[in-house]
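Content type compact mmCIF, C-alpha atoms and all ligand atoms, from the file data.txt:
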```txt
# COMPACT_ATOMS: atom_id res chain seq x y z
CA MET A 1 -32.78 -4.62 0.56
CA ALA A 2 -31.30 -5.45 3.92
CA PHE A 3 -27.64 -4.96 4.67
CA LEU A 4 -26.76 -6.08 8.18
CA ASP A 5 -29.47 -4.50 10.30
CA LYS A 6 -30.08 -1.63 7.98
CA ASP A 7 -32.83 -1.42 5.42
CA VAL A 8 -31.65 0.52 2.46
CA ARG A 9 -33.78 1.65 -0.41
CA VAL A 10 -31.79 1.76 -3.59
CA LYS A 11 -33.45 4.05 -6.04
CA ASN A 12 -31.23 4.23 -9.02
CA LEU A 13 -29.19 1.71 -10.87
CA VAL A 14 -26.21 3.09 -12.65
CA ASP A 15 -25.27 -0.39 -13.90
CA PRO A 16 -26.67 -3.91 -13.33
CA ARG A 17 -23.92 -4.37 -10.72
CA VAL A 18 -23.83 -0.85 -9.29
CA ALA A 19 -26.49 1.26 -7.60
CA TYR A 20 -26.72 4.22 -5.29
CA SER A 21 -29.05 5.48 -2.61
CA TRP A 22 -29.64 8.64 -0.63
CA THR A 23 -29.46 7.42 2.92
CA CYS A 24 -30.61 10.67 4.51
CA GLY A 25 -34.21 9.72 3.70
CA ASP A 26 -34.97 13.36 3.13
CA GLY A 27 -35.76 14.62 -0.34
CA ASN A 28 -36.45 18.14 0.90
CA HIS A 29 -32.93 19.35 1.19
CA GLU A 30 -29.97 19.68 -1.12
CA HIS A 31 -28.12 16.37 -0.93
CA THR A 32 -24.46 16.38 -0.07
CA ILE A 33 -21.89 13.66 -0.57
CA GLU A 34 -22.58 12.48 3.00
CA CYS A 35 -26.10 11.47 1.92
CA LEU A 36 -24.84 9.18 -0.79
CA TRP A 37 -24.12 5.47 -0.56
CA VAL A 38 -22.90 3.54 -3.56
CA TRP A 39 -23.64 -0.19 -3.75
CA HIS A 40 -22.19 -3.03 -5.72
CA LYS A 41 -23.76 -6.43 -6.30
CA CYS A 42 -20.83 -8.77 -6.14
CA ASP A 43 -20.43 -12.23 -7.63
CA GLY A 44 -17.60 -12.90 -5.24
CA SER A 45 -17.86 -13.31 -1.52
CA LEU A 46 -16.73 -11.23 1.40
CA LEU A 47 -15.72 -12.62 4.73
CA ASP A 48 -17.59 -10.89 7.50
CA PRO A 49 -15.41 -11.11 10.61
CA GLU A 50 -18.38 -10.26 12.85
CA ALA A 51 -20.62 -13.03 11.62
CA GLY A 52 -17.82 -15.44 10.81
CA LYS A 53 -19.42 -16.45 7.57
CA ASP A 54 -19.42 -15.56 3.94
CA TYR A 55 -22.19 -13.54 2.49
CA ARG A 56 -22.92 -12.37 -0.99
CA GLY A 57 -24.93 -9.57 -2.34
CA TRP A 58 -24.98 -5.84 -2.25
CA MET A 59 -22.11 -4.11 -0.57
CA PRO A 60 -21.59 -0.43 0.11
CA SER A 61 -18.51 1.55 -0.78
CA GLY A 62 -17.40 4.59 1.15
CA VAL A 63 -17.71 7.73 -0.90
CA GLY A 64 -17.86 10.25 1.95
CA LEU A 65 -14.67 11.94 0.82
CA HIS A 66 -15.69 12.08 -2.83
CA THR A 67 -16.83 15.21 -4.60
CA LEU A 68 -20.49 15.37 -5.56
CA ILE A 69 -20.46 17.09 -8.91
CA SER A 70 -24.02 16.45 -10.09
CA ILE A 71 -27.05 14.79 -8.45
CA GLU A 72 -29.15 14.24 -11.57
CA PRO A 73 -27.61 12.62 -13.47
CA LEU A 74 -25.27 11.38 -10.78
CA HIS A 75 -21.63 12.32 -11.19
CA ILE A 76 -19.05 11.86 -8.44
CA GLU A 77 -15.29 12.08 -8.42
CA ALA A 78 -12.95 10.31 -7.81
CA SER A 79 -13.38 6.68 -8.74
CA VAL A 80 -15.29 4.14 -6.62
CA TYR A 81 -13.49 1.02 -5.51
CA TRP A 82 -14.43 -2.17 -3.67
CA PRO A 83 -11.09 -3.60 -2.52
CA ALA A 84 -12.67 -6.06 -0.06
CA CYS A 85 -14.43 -8.25 -2.62
CA CYS A 86 -13.69 -8.56 -6.34
CA GLY A 87 -11.86 -5.26 -6.61
CA LEU A 88 -14.44 -3.62 -8.85
CA HIS A 89 -13.21 -0.14 -9.75
CA GLY A 90 -14.71 2.57 -11.87
CA PHE A 91 -16.31 5.97 -12.16
CA ILE A 92 -19.90 7.16 -11.89
CA ARG A 93 -20.34 9.87 -14.46
CA ASN A 94 -23.46 11.13 -16.21
CA GLY A 95 -25.56 8.57 -14.29
CA LYS A 96 -23.57 5.69 -15.72
CA TRP A 97 -20.94 3.29 -14.49
CA GLU A 98 -17.60 3.40 -16.28
CA SER A 99 -15.32 0.50 -15.44
CA VAL A 100 -11.63 1.28 -15.15
ZN ZN A 201 -29.70 14.21 1.55
ZN ZN A 202 -17.15 -7.25 -5.80
```
Translate this file's structure into structure tokens.
Amino acid sequence: MAFLDKDVRVKNLVDPRVAYSWTCGDGNHEHTIECLWVWHKCDGSLLDPEAGKDYRGWMPSGVGLHTLISIEPLHIEASVYWPACCGLHGFIRNGKWESV
């Protein structure tokens, strides 16, 4: 998948609308929360001020300040939130998405 100029390989779906990826590209170390990007496939649209146009699709959420509790299955705390689009909000626990 391409997001802006970045190619991101999303490995694991936690929900049809939510996925995550390890952006470090290195499976040979112990991942930290900084490696993790969480993505959401939105039905809404987001105005990109740079491009001046609407785009739809997968959007990342910042989880750099979250706590990585378990890698497999994925469990992070606190909740993940996309305020810029539809406002999707929930938890990723035991490899699954839990809507709030
Ligand atoms: Zn890593
Ligand atoms: Zn959304």
Give me the residues of chain A that have any atom at most 9 Å from an atom of ligand ZN 201 (chain A); for each, the nearest atom pair and the distance in Å, rounded to one decimal. Use only C-alpha atoms and all ligand atoms, sort by chain and number, and format it as a tab-separated table.
```
residue	atom	partner	partner_atom	distance
A:Trp22	CA	A:ZN201	ZN	6.0
A:Thr23	CA	A:ZN201	ZN	6.9
A:Cys24	CA	A:ZN201	ZN	4.7
A:Gly25	CA	A:ZN201	ZN	6.7
A:Asp26	CA	A:ZN201	ZN	5.6
A:Gly27	CA	A:ZN201	ZN	6.4
A:Asn28	CA	A:ZN201	ZN	7.8
A:His29	CA	A:ZN201	ZN	6.1
A:Glu30	CA	A:ZN201	ZN	6.1
A:His31	CA	A:ZN201	ZN	3.6
A:Thr32	CA	A:ZN201	ZN	5.9
A:Ile33	CA	A:ZN201	ZN	8.1
A:Glu34	CA	A:ZN201	ZN	7.5
A:Cys35	CA	A:ZN201	ZN	4.5
A:Leu36	CA	A:ZN201	ZN	7.4
```
| query | Which residue, A:Val80, A:Val63, A:Ile92, A:Ile71, has the smallest gap to ligand ZN 202 (chain A) when you use all atoms listed in the file? | reply | A:Val80
Do a neighbour search on Asn12 in chain A at 8 Å with all atoms listed in the file, toss out local chain neighbours closer than 4 positions, and write the hits as a PDB file with C-alpha atoms, in the coordinates of the input.
```pdb
ATOM      1  CA  ALA A  19     -26.490   1.260  -7.600  1.00  0.00           C
ATOM      2  CA  TYR A  20     -26.720   4.220  -5.290  1.00  0.00           C
ATOM      3  CA  SER A  21     -29.050   5.480  -2.610  1.00  0.00           C
TER       4      SER A  21
END
```
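A straight line drawn from CA of Trp58 in chain A to CA of Ser99 in chain A is 17.5 Å long.
Among the candidates A:Val14, A:Val38, A:Leu65, A:Met59, the residue lying nearest to Arg93 in chain A is A:Val14 (atoms considered: all atoms listed in the file).
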| message | At a cut-off of 6 Å around ligand ZN 202 (chain A), and using all atoms listed in the file, what residues come up? Please write them as a PyMOL selection string. | response | chain A and resi 42+44+85-88
Create the file for the chosen residues now, containing C-alpha atoms and written as a compact mmCIF listing (two decimals), in the coordinates of the input.
```txt
# COMPACT_ATOMS: atom_id res chain seq x y z
CA CYS A 42 -20.83 -8.77 -6.14
CA GLY A 44 -17.60 -12.90 -5.24
CA CYS A 85 -14.43 -8.25 -2.62
CA CYS A 86 -13.69 -8.56 -6.34
CA GLY A 87 -11.86 -5.26 -6.61
CA LEU A 88 -14.44 -3.62 -8.85
```
| How many Å lie between CA of His89 in chain A and CA of Leu68 in chain A, rounded to one decimal? | 17.6 Å
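Taking CA of Asp15 in chain A and CA of Ala84 in chain A as endpoints, the distance between them is 19.6 Å.
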| Proximity to Ser61 in chain A - best of A:Arg17, A:Gly95, A:Trp37, A:Gly90, all atoms listed in the file |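 Among the listed residues, the smallest separation from Ser61 in chain A belongs to A:Trp37.
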